[in-house]
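Student: Dropping the structure in here first, questions after.
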Amino acid sequence: MSCSDNDILDSGVSSTIEVDSVFLSKDSIFFSDEEYQDWLSTRHNTDTSSYLRIENGRALFNSNCNNCHPNNFRKPATGPALGNVTMYRDMTWLIEYTKSSTKMIKSGDILATCLFYNWQGSVMNNFEHLTDKEIENIYLYIEDESKNQKIKKDEVKYIKNCNLDSLSSRW
Ligand code: HEC
């Protein structure tokens, strides 16, 4: 049979469904009505589908990060712009930094210390209540949104190297 929005199939009868390929991606998943209701009522931070991970990241970004890092991702505000950040920073570093930039600074991480000196006056919150997976979802969302907004590589400038000795003489 062919199928349109909200068609309900009799679960006792085996059926073949044709779905127009424009609605399909490699991450498509099919649910029975019961599974769908279950899906709606759970948090999706452990899902492996990239669509769901990005949507989870979007929600987490909007509630935790957006007030200091606006989601146009091009312009700095209280914190730096984050467009294409995953091209410049390693995911493991990003997760640890997001959980606690203060711990990283204390442990002597040069980049975290440089960022802190560059943004004198404001300090990023720690997000130790977020799981690694949730933080990764936030960066998957930023990566996806940077593509959607066509932010060019190098459009947002990131600190690459910095010399702590020159910093300590400045501050
Ligand atoms: C209270 C404001 C504030 C909030 C909320 C905030 N940040 Fe930040 N963020 C900053 C500031 C300020 C810096 C610059 C470093 C510093 O001074 O701590 C920064 C730096 C960063 C950097 C480093 C950028 C680089 O060049 O490597 C990343 C990544 C980042 N934030 C991600 C996030 C994410 C993800 C969230 C939400 C989970 C978030 N921030 C929430 C203020 C904030």
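Each chain in the structure tokens gets a letter, A, B and so on, in the order shown; residues start at 1 in every chain, and ligands are counted from 1 in the order they appear.
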Would you tabulate, counting only C-alpha atoms and all ligand atoms, all residues of chain A that have an atom at most 9 Å from an atom of ligand 1, showing the closest pair of atoms and their distance in Å to one decimal, sorted by chain then ascending number, as CSV?

Tutor:
```
residue,atom,partner,partner_atom_place_in_ligand_line,distance
A:Leu60,CA,ligand 1,38 (C),7.1
A:Phe61,CA,ligand 1,37 (C),5.7
A:Asn62,CA,ligand 1,37 (C),8.2
A:Ser63,CA,ligand 1,37 (C),8.0
A:Asn64,CA,ligand 1,37 (C),4.7
A:Cys65,CA,ligand 1,37 (C),3.4
A:Asn66,CA,ligand 1,5 (C),6.8
A:Asn67,CA,ligand 1,5 (C),5.9
A:Cys68,CA,ligand 1,2 (C),4.3
A:His69,CA,ligand 1,7 (N),6.2
A:Ala77,CA,ligand 1,42 (C),8.4
A:Thr78,CA,ligand 1,12 (C),5.5
A:Gly79,CA,ligand 1,11 (C),3.7
A:Pro80,CA,ligand 1,19 (C),5.8
A:Ala81,CA,ligand 1,24 (C),7.4
A:Leu82,CA,ligand 1,24 (C),6.3
A:Val85,CA,ligand 1,29 (C),6.7
A:Thr86,CA,ligand 1,29 (C),8.5
A:Tyr88,CA,ligand 1,27 (O),7.5
A:Arg89,CA,ligand 1,27 (O),6.4
A:Trp93,CA,ligand 1,29 (C),8.9
A:Leu94,CA,ligand 1,29 (C),5.8
A:Ile95,CA,ligand 1,35 (C),8.4
A:Tyr97,CA,ligand 1,29 (C),7.1
A:Thr98,CA,ligand 1,34 (C),5.8
A:Lys99,CA,ligand 1,38 (C),8.0
A:Ser101,CA,ligand 1,18 (O),6.6
A:Thr102,CA,ligand 1,18 (O),7.8
A:Leu111,CA,ligand 1,27 (O),7.6
A:Ala112,CA,ligand 1,15 (C),7.2
A:Thr113,CA,ligand 1,15 (C),8.2
A:Cys114,CA,ligand 1,15 (C),8.1
A:Leu115,CA,ligand 1,15 (C),4.6
A:Phe116,CA,ligand 1,17 (O),3.9
A:Tyr117,CA,ligand 1,17 (O),6.8
A:Asn118,CA,ligand 1,17 (O),6.9
A:Trp119,CA,ligand 1,17 (O),4.4
A:Gln120,CA,ligand 1,17 (O),6.1
A:Gly121,CA,ligand 1,17 (O),7.2
A:Ser122,CA,ligand 1,12 (C),4.5
A:Val123,CA,ligand 1,18 (O),3.8
A:Met124,CA,ligand 1,42 (C),3.8
A:Asn125,CA,ligand 1,1 (C),5.4
A:Asn126,CA,ligand 1,41 (C),7.9
A:Phe127,CA,ligand 1,38 (C),6.2
A:Leu130,CA,ligand 1,38 (C),8.1
A:Ile135,CA,ligand 1,35 (C),6.8
A:Glu136,CA,ligand 1,35 (C),8.9
A:Ile138,CA,ligand 1,35 (C),6.2
A:Tyr139,CA,ligand 1,35 (C),6.8
A:Ile142,CA,ligand 1,35 (C),8.6
A:Lys157,CA,ligand 1,26 (O),8.1
A:Tyr158,CA,ligand 1,26 (O),5.2
A:Ile159,CA,ligand 1,26 (O),6.1
A:Lys160,CA,ligand 1,26 (O),8.5
```

Student: Can you tell me which residues surround A:Arg74 at a distance of at most 9 Å, considering only C-alpha atoms, apart from same-chain residues fewer than 2 positions away, and format the answer as a PyMOL selection string?

Tutor: chain A and resi 70-72+76+80-83+146+151+155-156

Student: Kindly give the distance, in Å, that separates atom CA of A:Lys147 and atom CA of A:Phe30, rounded to a single decimal.

Tutor: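 Calculated distance between atom CA of A:Lys147 and atom CA of A:Phe30 is 26.8 Å.
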
Student: Provide the atom CA of A:Gly12 to atom CA of A:Ser32 distance in Å, to one decimal place.

Tutor: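 We find that atom CA of A:Gly12 and atom CA of A:Ser32 lie 11.9 Å from each other.
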
Student: Using only C-alpha atoms, which residue out of A:Glu34, A:Ser50, A:Phe73, A:Glu18 lies closest to A:Gln149?

Tutor: A:Phe73

Student: What is the distance, in Å and to one decimal place, between atom CA of A:Arg53 and atom CA of A:Asn84?

Tutor: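 Interatomic distance here is 17.4 Å.
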